[in-house]
file upload04.txt (compact mmCIF, C-alpha atoms)
# COMPACT_ATOMS: atom_id res chain seq x y z
CA MET W 209 240.41 208.68 319.62
CA GLY W 210 240.27 208.22 315.85
CA LYS W 211 240.37 204.96 313.97
CA VAL W 212 243.82 203.41 313.69
CA SER W 213 245.16 203.58 310.15
CA PHE W 214 245.01 200.43 308.08
CA LYS W 215 248.76 200.42 307.39
CA THR W 216 249.47 200.54 311.12
CA LEU W 217 247.13 197.67 311.92
CA PHE W 218 247.63 195.26 309.02
CA PRO W 219 250.67 192.94 308.93
CA SER W 220 253.53 193.82 306.61
CA LYS W 221 253.33 193.46 302.85
CA LYS W 222 256.35 191.15 303.02
CA LEU W 223 254.50 188.75 305.34
CA LEU W 224 251.39 188.89 303.17
CA ASN W 225 253.45 188.03 300.08
CA ASN W 226 255.03 185.14 301.97
CA VAL W 227 251.60 183.77 302.91
CA LEU W 228 250.27 184.13 299.37
CA PHE W 229 253.37 182.40 298.01
CA GLN W 230 252.94 179.52 300.44
CA MET W 231 249.29 179.25 299.45
CA ASP W 232 250.39 179.15 295.79
CA SER W 233 247.86 181.86 295.02
CA ASP W 234 247.60 183.55 291.63
CA LEU W 235 246.48 186.74 293.36
CA SER W 236 249.20 189.11 294.51
CA SER W 237 249.38 191.48 297.46
CA ARG W 238 249.06 194.36 294.98
CA LYS W 239 245.52 193.16 294.21
CA LEU W 240 244.50 192.08 297.69
CA LEU W 241 245.86 194.88 299.88
CA PRO W 242 243.53 197.54 298.39
CA LEU W 243 240.58 195.19 298.96
CA TYR W 244 241.52 194.65 302.61
CA GLU W 245 241.91 198.41 303.04
CA LYS W 246 238.49 199.14 301.49
CA LEU W 247 236.92 196.50 303.71
CA TYR W 248 238.64 198.01 306.74
CA ASP W 249 237.47 201.52 305.88
CA HIS W 250 233.86 200.72 304.88
CA ASN W 251 233.16 197.43 306.74
CA GLU W 252 231.99 195.80 303.50
CA LEU W 253 232.99 195.02 299.93
CA THR W 254 230.61 195.74 297.04
CA THR W 255 230.77 195.52 293.26
CA LYS W 256 231.47 199.25 293.30
CA ASP W 257 234.74 198.48 295.06
CA THR W 258 235.81 195.45 293.00
CA HIS W 259 234.42 192.75 290.75
CA TYR W 260 236.03 190.25 293.14
CA ALA W 261 233.22 191.05 295.59
CA THR W 262 231.07 188.56 293.68
CA VAL W 263 233.73 185.83 293.37
CA PRO W 264 233.22 183.34 296.24
CA ASN W 265 236.66 181.73 296.04
CA VAL W 266 238.42 185.10 296.26
CA MET W 267 236.38 186.06 299.32
CA PHE W 268 237.25 182.72 300.88
CA LEU W 269 240.93 183.11 299.98
CA MET W 270 240.98 186.51 301.67
CA ASN W 271 239.43 184.90 304.76
CA ARG W 272 242.03 182.11 304.78
CA VAL W 273 244.85 184.65 304.40
CA LEU W 274 243.68 186.50 307.51
CA VAL W 275 243.51 183.21 309.42
CA GLU W 276 247.05 182.35 308.32
CA LEU W 277 248.31 185.82 309.27
CA LYS W 278 246.73 185.38 312.69
CA GLN W 279 248.58 182.09 313.16
CA ARG W 280 251.87 183.58 312.00
CA THR W 281 251.71 186.69 314.20
CA LYS W 282 250.07 184.93 317.18
CA GLN W 283 247.62 187.82 317.47
CA GLN W 284 244.69 189.46 315.71
CA PRO W 285 243.30 192.93 316.41
CA ILE W 286 239.50 193.12 316.74
CA PRO W 287 239.02 194.95 313.38
CA LEU W 288 240.88 192.18 311.52
CA HIS W 289 238.83 189.56 313.36
CA LYS W 290 235.65 191.27 312.17
CA MET W 291 237.04 191.34 308.63
CA GLU W 292 237.79 187.62 308.86
CA LEU W 293 234.20 186.83 309.89
CA TYR W 294 232.77 189.15 307.23
CA LEU W 295 234.76 187.48 304.46
CA LEU W 296 233.72 184.01 305.64
CA LYS W 297 230.04 184.97 305.65
CA LYS W 298 230.42 186.74 302.30
CA ALA W 299 232.02 183.66 300.72
CA ALA W 300 229.24 181.47 302.16
CA GLN W 301 226.53 183.79 300.85
CA LEU W 302 228.12 183.62 297.39
CA GLY W 303 228.01 179.81 297.51
CA ASN W 304 231.49 178.66 298.57
CA ASN W 305 230.79 175.27 300.15
CA ASP W 306 233.91 175.28 302.34
CA ALA W 307 232.82 178.60 303.83
CA ILE W 308 229.30 177.26 304.41
CA ALA W 309 230.68 174.19 306.18
CA LEU W 310 232.91 176.32 308.43
CA LEU W 311 230.02 178.61 309.34
CA CYS W 312 227.92 175.56 310.22
CA PHE W 313 230.71 174.36 312.48
CA GLN W 314 230.94 177.73 314.22
CA ILE W 315 227.21 177.68 314.99
CA LEU W 316 226.78 174.00 315.88
CA GLY W 317 230.06 173.75 317.76
CA SER W 318 229.60 176.91 319.78
CA SER W 319 230.58 176.47 323.44
CA THR W 320 227.71 178.81 324.31
CA PRO W 321 224.78 177.39 322.31
CA LYS W 322 222.23 179.46 324.27
CA ILE W 323 223.36 182.63 322.49
CA GLN W 324 222.68 181.04 319.10
CA HIS W 325 219.29 181.60 317.52
CA GLN W 326 217.44 178.32 317.15
CA GLU W 327 216.72 179.22 313.53
CA ASP W 328 220.46 179.43 312.84
CA VAL W 329 221.04 176.02 314.42
CA ILE W 330 218.26 174.38 312.38
CA ARG W 331 219.45 176.08 309.19
CA SER W 332 223.04 174.99 309.82
CA GLN W 333 221.93 171.38 310.32
CA GLN W 334 220.00 171.48 307.06
CA LEU W 335 222.91 172.98 305.12
CA LEU W 336 225.34 170.44 306.54
CA LYS W 337 223.05 167.57 305.54
CA GLN W 338 222.86 168.98 302.01
CA LEU W 339 226.64 169.21 301.78
CA VAL W 340 227.01 165.63 302.99
CA LYS W 341 224.60 164.46 300.30
CA GLN W 342 226.76 166.29 297.74
CA ASN W 343 229.80 164.35 299.02
CA HIS W 344 231.48 167.61 300.04
CA PRO W 345 234.78 166.70 301.78
CA LEU W 346 234.94 169.47 304.37
CA SER W 347 231.41 168.67 305.58
CA PHE W 348 232.68 165.20 306.56
CA LYS W 349 235.49 166.81 308.56
CA VAL W 350 233.06 169.20 310.23
CA LEU W 351 230.84 166.29 311.29
CA ALA W 352 233.89 164.44 312.61
CA ASP W 353 235.07 167.50 314.56
CA LEU W 354 231.62 168.02 316.06
CA ASN W 355 231.38 164.38 317.16
CA CYS W 356 234.85 164.44 318.72
CA TYR W 357 233.99 167.72 320.44
CA MET W 358 231.09 165.87 322.11
CA GLY W 359 233.30 162.90 323.01
CA GLN W 360 231.82 160.58 320.36
CA PHE W 361 235.17 159.44 318.98
CA ASP W 362 233.95 156.30 317.19
CA GLU W 363 231.52 158.39 315.17
CA GLY W 364 234.18 161.03 314.60
CA LYS W 365 236.61 158.40 313.38
CA LYS W 366 234.05 157.20 310.85
CA TRP W 367 233.61 160.68 309.35
CA TYR W 368 237.35 161.39 309.29
CA LYS W 369 237.82 158.23 307.25
CA GLN W 370 234.99 159.30 304.96
CA TYR W 371 236.77 162.61 304.43
CA LEU W 372 240.03 160.88 303.45
CA LYS W 373 238.13 158.57 301.13
CA SER W 374 236.41 161.49 299.42
CA VAL W 375 239.56 163.56 298.82
CA GLY W 376 241.73 160.68 297.69
CA PRO W 377 245.55 160.49 297.82
CA SER W 378 246.23 163.36 295.38
CA HIS W 379 243.49 165.79 296.37
CA VAL W 380 244.03 169.51 295.86
CA SER W 381 241.51 172.28 296.21
CA ASP W 382 240.94 175.22 293.89
CA PRO W 383 244.34 176.55 292.69
CA ASP W 384 243.94 179.72 294.77
CA ILE W 385 243.38 177.73 297.98
CA ARG W 386 245.40 174.58 297.35
CA TYR W 387 247.37 175.15 300.56
CA TRP W 388 244.07 175.21 302.48
CA GLY W 389 243.16 171.79 301.06
CA TYR W 390 246.45 170.24 302.13
CA GLN W 391 246.18 171.88 305.54
CA GLN W 392 242.74 170.35 306.13
CA LYS W 393 243.87 166.92 305.00
CA GLY W 394 246.91 167.09 307.27
CA GLU W 395 244.70 168.05 310.21
CA VAL W 396 242.37 165.11 309.55
CA LEU W 397 245.29 162.69 309.34
CA GLU W 398 246.62 164.02 312.63
CA LYS W 399 243.29 163.82 314.47
CA LEU W 400 242.53 160.34 313.16
CA GLY W 401 246.02 159.22 314.12
CA GLU W 402 245.54 160.68 317.60
CA ILE W 403 242.32 158.67 318.09
CA GLU W 404 244.03 155.47 316.93
CA PHE W 405 247.05 156.19 319.14
CA ARG W 406 244.82 156.46 322.21
CA GLU W 407 242.90 153.32 321.31
CA GLY W 408 246.15 151.33 321.19
CA GLY W 409 246.64 147.85 319.76
CA ASN W 410 249.17 146.78 317.14
CA GLU W 411 246.91 147.48 314.16
CA ASN W 412 246.07 150.98 315.37
CA ILE W 413 249.71 151.77 316.18
CA VAL W 414 250.85 150.83 312.67
CA SER W 415 247.99 152.83 311.17
CA CYS W 416 248.51 155.97 313.25
CA GLU W 417 252.23 156.01 312.49
CA LYS W 418 251.44 156.15 308.76
CA ARG W 419 248.91 158.93 309.32
CA PHE W 420 251.32 161.04 311.37
CA LEU W 421 254.07 160.63 308.78
CA GLU W 422 251.71 161.64 305.96
CA SER W 423 250.49 164.65 307.95
CA ILE W 424 254.09 165.78 308.43
CA ARG W 425 254.82 165.26 304.73
CA ILE W 426 252.05 167.57 303.47
CA THR W 427 251.70 170.06 306.34
CA PRO W 428 254.04 172.77 307.70
CA LEU W 429 255.52 172.03 311.12
CA LYS W 430 253.53 174.81 312.80
CA ASN W 431 250.29 173.07 311.82
CA CYS W 432 251.23 169.49 312.72
CA ALA W 433 253.27 169.70 315.94
CA LYS W 434 251.01 167.04 317.47
CA SER W 435 252.02 164.59 314.75
CA TYR W 436 255.68 165.08 315.67
CA PHE W 437 254.82 164.62 319.34
CA TYR W 438 252.85 161.39 318.92
CA LEU W 439 255.47 159.95 316.58
CA ALA W 440 258.05 160.63 319.29
CA MET W 441 255.87 158.74 321.77
CA LEU W 442 255.80 155.80 319.34
CA TYR W 443 259.58 155.82 318.85
CA VAL W 444 260.74 156.66 322.36
CA LYS W 445 261.49 153.10 323.52
CA TYR W 446 263.07 151.60 320.40
CA ASP W 447 264.59 154.70 318.76
CA PRO W 448 265.23 157.37 321.44
CA ASP W 449 267.45 159.44 319.13
CA LYS W 450 264.67 159.84 316.59
CA ALA W 451 262.17 160.55 319.38
CA LYS W 452 264.46 163.25 320.76
CA THR W 453 264.73 164.94 317.36
CA LEU W 454 260.96 164.94 316.91
CA LEU W 455 260.37 166.34 320.40
CA GLU W 456 262.90 169.11 319.80
CA GLN W 457 260.96 170.07 316.67
CA CYS W 458 257.78 170.23 318.78
CA CYS W 459 259.49 172.53 321.24
CA THR W 460 260.31 175.03 318.50
CA GLN W 461 256.53 175.46 318.15
CA GLY W 462 255.96 175.96 321.87
CA PHE W 463 254.22 172.58 322.27
CA LYS W 464 254.13 172.48 326.08
CA GLU W 465 254.03 168.70 326.65
CA ALA W 466 257.15 168.20 324.52
CA PHE W 467 259.44 170.07 326.92
CA SER W 468 258.90 167.64 329.80
CA GLU W 469 259.16 164.61 327.52
CA VAL W 470 262.47 165.63 325.95
CA GLY W 471 263.73 166.66 329.39
CA TYR W 472 262.98 163.25 330.91
CA LEU W 473 264.49 161.57 327.87
CA GLU W 474 267.73 163.53 328.34
CA MET W 475 267.72 162.82 332.07
CA ASN W 476 266.79 159.13 332.17
CA TYR W 477 268.01 157.70 328.87
CA PHE W 478 270.87 159.95 327.72
CA GLN W 479 271.97 160.54 331.33
CA ASN W 480 272.50 164.24 330.69
CA PRO W 481 270.98 166.15 333.65
CA VAL W 482 272.56 169.44 332.56
CA LYS W 483 270.82 169.47 329.19
CA ALA W 484 267.65 168.03 330.73
CA LYS W 485 267.63 170.86 333.24
CA GLU W 486 267.68 173.42 330.41
CA TRP W 487 264.69 171.79 328.70
CA PHE W 488 262.79 171.70 331.98
CA LYS W 489 263.62 175.35 332.60
CA LEU W 490 262.11 176.31 329.24
CA GLY W 491 259.00 174.28 330.02
CA MET W 492 258.67 175.95 333.41
CA GLU W 493 258.38 179.28 331.62
CA LEU W 494 255.26 177.84 329.95
CA LEU W 495 254.00 176.66 333.37
CA GLN W 496 254.24 172.99 332.38
CA LEU W 497 253.88 171.20 335.73
CA GLN W 498 255.96 168.13 334.86
CA CYS W 499 258.85 170.44 334.02
CA PHE W 500 258.91 171.74 337.60
CA PHE W 501 259.16 168.14 338.80
CA GLY W 502 261.93 167.31 336.33
CA TYR W 503 263.87 170.48 337.09
CA PHE W 504 263.79 169.68 340.80
CA GLN W 505 265.13 166.16 340.18
CA CYS W 506 267.93 167.53 337.98
CA CYS W 507 268.90 169.97 340.72
CA ILE W 508 269.09 167.12 343.22
CA THR W 509 271.24 165.05 340.84
CA LEU W 510 273.55 168.03 340.20
CA LYS W 511 273.55 168.92 343.91
CA ASP W 512 272.36 172.42 343.10
CA TRP W 513 270.65 172.83 346.46
CA THR W 514 269.76 176.51 346.16
CA LYS W 515 267.92 176.09 342.86
CA ALA W 516 266.28 172.91 344.14
CA GLU W 517 265.02 174.88 347.14
CA ASN W 518 263.71 177.71 344.92
CA CYS W 519 261.94 175.19 342.67
CA LEU W 520 260.42 173.55 345.74
CA LYS W 521 259.05 176.90 346.87
CA THR W 522 257.38 177.42 343.50
CA ILE W 523 255.89 173.93 343.53
CA ASN W 524 254.47 174.60 346.99
CA LYS W 525 252.94 177.88 345.77
CA LEU W 526 251.28 175.99 342.90
CA LEU W 527 249.88 173.50 345.41
CA LEU W 528 248.27 176.30 347.43
CA ALA W 529 247.15 178.45 344.47
CA LYS W 530 243.38 178.72 344.03
CA ASN W 531 243.56 178.49 340.23
CA THR W 532 245.55 175.22 340.24
CA GLN W 533 243.36 172.33 339.06
CA GLU W 534 242.61 169.53 341.52
CA VAL W 535 244.27 166.91 339.34
CA ASP W 536 247.47 168.99 339.34
CA LYS W 537 247.30 169.40 343.12
CA GLU W 538 247.08 165.63 343.47
CA SER W 539 250.12 165.26 341.20
CA ILE W 540 252.04 167.77 343.30
CA SER W 541 251.13 165.97 346.53
CA THR W 542 252.24 162.65 345.04
CA PHE W 543 255.52 164.24 343.96
CA LEU W 544 256.17 165.83 347.36
CA GLN W 545 255.47 162.59 349.20
CA TYR W 546 257.79 160.63 346.92
CA HIS W 547 260.60 163.18 347.46
CA GLU W 548 260.28 163.54 351.23
CA ASN W 549 263.86 162.36 351.71
CA ASN W 550 265.15 164.82 349.11
CA ILE W 551 263.26 167.64 350.80
CA LYS W 552 264.92 166.73 354.10
CA LEU W 553 268.29 166.63 352.30
CA ILE W 554 267.73 170.16 350.99
CA GLN W 555 266.84 171.33 354.49
CA SER W 556 270.17 170.01 355.70
CA LYS W 557 272.09 171.77 352.92
CA VAL W 558 270.56 175.25 353.21
CA GLU W 559 269.62 177.50 356.09
CA PRO W 560 267.01 175.71 358.24
CA THR W 561 264.76 178.76 358.22
CA VAL W 562 264.72 179.02 354.45
CA VAL W 563 262.91 175.82 353.49
CA SER W 564 259.49 175.55 355.07
CA SER W 565 258.16 172.16 356.02
CA ILE W 566 255.99 170.93 353.15
CA LYS W 567 253.49 168.15 353.67
CA PRO W 568 251.29 166.64 350.96
CA GLN W 569 247.64 167.53 351.35
CA TYR W 570 246.40 164.38 349.60
CA PRO W 571 247.03 160.87 350.98
CA ILE W 572 248.61 158.71 348.31
CA GLU W 573 248.77 154.92 348.65
CA ASN W 574 251.19 154.06 345.85
CA LYS W 575 254.40 155.93 345.13
CA PRO W 576 255.34 156.50 341.47
CA THR W 577 258.32 154.76 339.97
CA GLU W 578 261.41 156.93 339.56
CA SER W 579 262.00 156.16 335.88
CA LYS W 580 259.54 157.76 333.52
CA TRP W 581 260.60 155.64 330.56
CA GLY W 582 261.34 152.35 332.31
CA PHE W 583 264.86 152.06 330.86
call {"tool": "encode", "arguments": {"input": "upload04.txt", "output": "structure tokens"}}
result
Amino acid sequence: MGKVSFKTLFPSKKLLNNVLFQMDSDLSSRKLLPLYEKLYDHNELTTKDTHYATVPNVMFLMNRVLVELKQRTKQQPIPLHKMELYLLKKAAQLGNNDAIALLCFQILGSSTPKIQHQEDVIRSQQLLKQLVKQNHPLSFKVLADLNCYMGQFDEGKKWYKQYLKSVGPSHVSDPDIRYWGYQQKGEVLEKLGEIEFREGGNENIVSCEKRFLESIRITPLKNCAKSYFYLAMLYVKYDPDKAKTLLEQCCTQGFKEAFSEVGYLEMNYFQNPVKAKEWFKLGMELLQLQCFFGYFQCCITLKDWTKAENCLKTINKLLLAKNTQEVDKESISTFLQYHENNIKLIQSKVEPTVVSSIKPQYPIENKPTESKWGF
């Protein structure tokens, strides 16, 4: 089988123009498309192909465009992935510090460090130290990400703050990659806010709210869904309407945890089991466990015994499935024990042979409270 044509594989020109417009790039698709095609055909870009082959920021821009296209289309064919890696390495070789920092992260943060050459690891550590000494912003973020990846959140928090200090309130990157600069800053604000949210305390809560709001202000929704989610968690008790709006925005991005949260909010606070059931149903399609629980409870409230019985069957299958995590199995057993009476009620409403007897496999001492929000 011959090589797939570039035009068949590469996203549409319209989408590329949209990405370049959002990135506020001075380079048009008319200039970049031929470069991508030459790279696709020859697996490299040389000065014979274009003078841009020696311009580090252009190589990095082309890399960022491919990353953005991957996020937009939710897929990336292997040839385009190879092009993305080539352009990142090319930009790094030409001296783009952001590209160097990202390559260092890929090597040092690899989940399979054994496949990395020790020389690459040592070289990456040296390069990262040099970038830190130069007060290079992205190197601070890379160090923070690496520390958080290893569970060292206090150290990560320190480097995230150093990043924000170095870029300042009005930071923008090179004109061709200004969007990239804002995207990185928004990601740092979100991650730092997440750490503070988990730490708790009044001071941290006030601080993380400001960070989430700033992340939302400078970052597209698709890149900061977590900020919407955590803000909703902050607002849920004293401003449920605002929390609901934020959670609905998360759901448009397929943020799994948001479906159960907005479902329980509709069910317990707004007392709307019909709408809650629809949210839970959407979450079930994403295999969000809490949505199965919420959907079952809505069916009981609405006296929809057949759907409650079908949901119960699925929950039981999840309990017995080999690929279900132990923590989820414990949650299922807790749920089944708490709803023993409802299970018996279903058995009395449908054919006795339809609903099998389901017993929790894990002994649970304390039953959960019925209200998720405590209203």
call {"tool": "atom_distance", "arguments": {"input": "upload04.txt", "atom1": "atom CA of W:Lys349", "atom2": "atom CA of W:Leu316"}}
result
13.5 Å
call {"tool": "atom_distance", "arguments": {"input": "upload04.txt", "atom1": "atom CA of W:Phe361", "atom2": "atom CA of W:Phe348"}}
result
13.9 Å
call {"tool": "closest_residue", "arguments": {"input": "upload04.txt", "among": "W:Gly401, W:Gly317, W:Gly462, W:Pro219", "to": "W:Leu429", "atoms": "only C-alpha atoms"}}
result
W:Gly462
call {"tool": "residues_around", "arguments": {"input": "upload04.txt", "residues": "W:Ala307", "least_positions_apart": "3", "cutoff": "12 Å", "atoms": "only C-alpha atoms", "output": "JSON, numbers by chain"}}
result
{"W": [264, 265, 266, 267, 268, 269, 270, 271, 272, 292, 293, 294, 295, 296, 297, 298, 299, 300, 301, 302, 303, 304, 310, 311, 312, 313, 314, 335, 336, 339, 344, 346, 347, 350, 388]}
call {"tool": "write_last_selection", "arguments": {"input": "upload04.txt", "atoms": "C-alpha atoms", "output": "compact mmCIF listing (two decimals), in the frame of the given file"}}
result
# COMPACT_ATOMS: atom_id res chain seq x y z
CA PRO W 264 233.22 183.34 296.24
CA ASN W 265 236.66 181.73 296.04
CA VAL W 266 238.42 185.10 296.26
CA MET W 267 236.38 186.06 299.32
CA PHE W 268 237.25 182.72 300.88
CA LEU W 269 240.93 183.11 299.98
CA MET W 270 240.98 186.51 301.67
CA ASN W 271 239.43 184.90 304.76
CA ARG W 272 242.03 182.11 304.78
CA GLU W 292 237.79 187.62 308.86
CA LEU W 293 234.20 186.83 309.89
CA TYR W 294 232.77 189.15 307.23
CA LEU W 295 234.76 187.48 304.46
CA LEU W 296 233.72 184.01 305.64
CA LYS W 297 230.04 184.97 305.65
CA LYS W 298 230.42 186.74 302.30
CA ALA W 299 232.02 183.66 300.72
CA ALA W 300 229.24 181.47 302.16
CA GLN W 301 226.53 183.79 300.85
CA LEU W 302 228.12 183.62 297.39
CA GLY W 303 228.01 179.81 297.51
CA ASN W 304 231.49 178.66 298.57
CA LEU W 310 232.91 176.32 308.43
CA LEU W 311 230.02 178.61 309.34
CA CYS W 312 227.92 175.56 310.22
CA PHE W 313 230.71 174.36 312.48
CA GLN W 314 230.94 177.73 314.22
CA LEU W 335 222.91 172.98 305.12
CA LEU W 336 225.34 170.44 306.54
CA LEU W 339 226.64 169.21 301.78
CA HIS W 344 231.48 167.61 300.04
CA LEU W 346 234.94 169.47 304.37
CA SER W 347 231.41 168.67 305.58
CA VAL W 350 233.06 169.20 310.23
CA TRP W 388 244.07 175.21 302.48
call {"tool": "atom_distance", "arguments": {"input": "upload04.txt", "atom1": "atom CA of W:Lys464", "atom2": "atom CA of W:Met231"}}
result
27.9 Å
call {"tool": "residues_around", "arguments": {"input": "upload04.txt", "residues": "W:Lys450", "least_positions_apart": "3", "cutoff": "12 Å", "atoms": "all atoms listed in the file", "output": "ChimeraX atom specification"}}
result
/W:436-437,439-447,453-457,470,473
call {"tool": "residues_around", "arguments": {"input": "upload04.txt", "residues": "W:Lys211", "least_positions_apart": "3", "cutoff": "12 Å", "atoms": "all atoms listed in the file", "output": "PyMOL selection string"}}
result
chain W and resi 214-217+248-250+287
call {"tool": "closest_residue", "arguments": {"input": "upload04.txt", "among": "W:Lys430, W:Lys399, W:Lys483, W:Lys246", "to": "W:Phe463", "atoms": "only C-alpha atoms"}}
result
W:Lys430
call {"tool": "residues_around", "arguments": {"input": "upload04.txt", "residues": "stretch 501-518 of chain W", "least_positions_apart": "2", "cutoff": "7 Å", "atoms": "all atoms listed in the file", "output": "compact mmCIF listing (two decimals) with C-alpha atoms, in the frame of the given file"}}
result
# COMPACT_ATOMS: atom_id res chain seq x y z
CA TYR W 472 262.98 163.25 330.91
CA PRO W 481 270.98 166.15 333.65
CA LYS W 485 267.63 170.86 333.24
CA PHE W 488 262.79 171.70 331.98
CA LYS W 489 263.62 175.35 332.60
CA LEU W 497 253.88 171.20 335.73
CA GLN W 498 255.96 168.13 334.86
CA CYS W 499 258.85 170.44 334.02
CA LEU W 520 260.42 173.55 345.74
CA LYS W 521 259.05 176.90 346.87
CA THR W 522 257.38 177.42 343.50
CA ILE W 554 267.73 170.16 350.99
CA LYS W 557 272.09 171.77 352.92
CA VAL W 563 262.91 175.82 353.49
call {"tool": "closest_residue", "arguments": {"input": "upload04.txt", "among": "W:Val375, W:Ala529, W:Ile523, W:Val273", "to": "W:Ser541", "atoms": "only C-alpha atoms"}}
result
W:Ile523
call {"tool": "axis_aligned_box", "arguments": {"input": "upload04.txt", "around": "stretch 361-377 of chain W", "padding_each_side": "8 Å", "output": "AutoDock Vina command-line options"}}
result
--center_x 238.5 --center_y 159.9 --center_z 308.3 --size_x 30.0 --size_y 23.3 --size_z 37.3
call {"tool": "residues_around", "arguments": {"input": "upload04.txt", "residues": "W:Asn431", "least_positions_apart": "3", "cutoff": "9 Å", "atoms": "all atoms listed in the file", "output": "NGL selection string"}}
result
:W and (391 or 394-395 or 424 or 427-428 or 434)
call {"tool": "closest_residue", "arguments": {"input": "upload04.txt", "among": "W:Val558, W:Leu421, W:Met475, W:Ala466", "to": "W:Gly491", "atoms": "all atoms listed in the file"}}
result
W:Ala466
call {"tool": "decode", "arguments": {"input": "upload04.txt", "residues": "stretch 270-281 of chain W", "atoms": "N, CA, C and O atoms", "output": "short mmCIF file (atom, residue, chain, number, x, y, z; two decimals), in the first residue's frame"}}
result
data_model
loop_
_atom_site.label_atom_id
_atom_site.label_comp_id
_atom_site.auth_asym_id
_atom_site.auth_seq_id
_atom_site.Cartn_x
_atom_site.Cartn_y
_atom_site.Cartn_z
N MET W 270 5.26 25.92 14.03
CA MET W 270 4.71 24.80 13.27
C MET W 270 4.44 23.61 14.19
O MET W 270 3.46 22.89 14.02
N ASN W 271 5.31 23.41 15.18
CA ASN W 271 5.09 22.36 16.17
C ASN W 271 3.84 22.63 16.99
O ASN W 271 2.99 21.76 17.19
N ARG W 272 3.70 23.88 17.46
CA ARG W 272 2.54 24.24 18.29
C ARG W 272 1.24 24.14 17.49
O ARG W 272 0.19 23.79 18.04
N VAL W 273 1.29 24.45 16.20
CA VAL W 273 0.10 24.35 15.36
C VAL W 273 -0.36 22.90 15.27
O VAL W 273 -1.56 22.61 15.38
N LEU W 274 0.58 21.97 15.11
CA LEU W 274 0.22 20.56 15.05
C LEU W 274 -0.37 20.08 16.37
O LEU W 274 -1.30 19.28 16.38
N VAL W 275 0.18 20.58 17.48
CA VAL W 275 -0.37 20.22 18.79
C VAL W 275 -1.80 20.73 18.92
O VAL W 275 -2.69 20.03 19.41
N GLU W 276 -2.04 21.96 18.48
CA GLU W 276 -3.37 22.55 18.56
C GLU W 276 -4.35 21.81 17.65
O GLU W 276 -5.50 21.56 18.04
N LEU W 277 -3.90 21.43 16.47
CA LEU W 277 -4.76 20.67 15.56
C LEU W 277 -5.12 19.32 16.16
O LEU W 277 -6.25 18.85 16.01
N LYS W 278 -4.17 18.72 16.85
CA LYS W 278 -4.42 17.44 17.52
C LYS W 278 -5.50 17.59 18.59
O LYS W 278 -6.38 16.74 18.73
N GLN W 279 -5.43 18.69 19.34
CA GLN W 279 -6.43 18.93 20.38
C GLN W 279 -7.80 19.22 19.78
O GLN W 279 -8.83 18.80 20.31
N ARG W 280 -7.82 19.92 18.67
CA ARG W 280 -9.09 20.28 18.03
C ARG W 280 -9.78 19.05 17.43
O ARG W 280 -11.00 18.89 17.56
N THR W 281 -9.00 18.20 16.76
CA THR W 281 -9.58 17.05 16.06
C THR W 281 -9.67 15.81 16.93
O THR W 281 -10.28 14.81 16.53
#
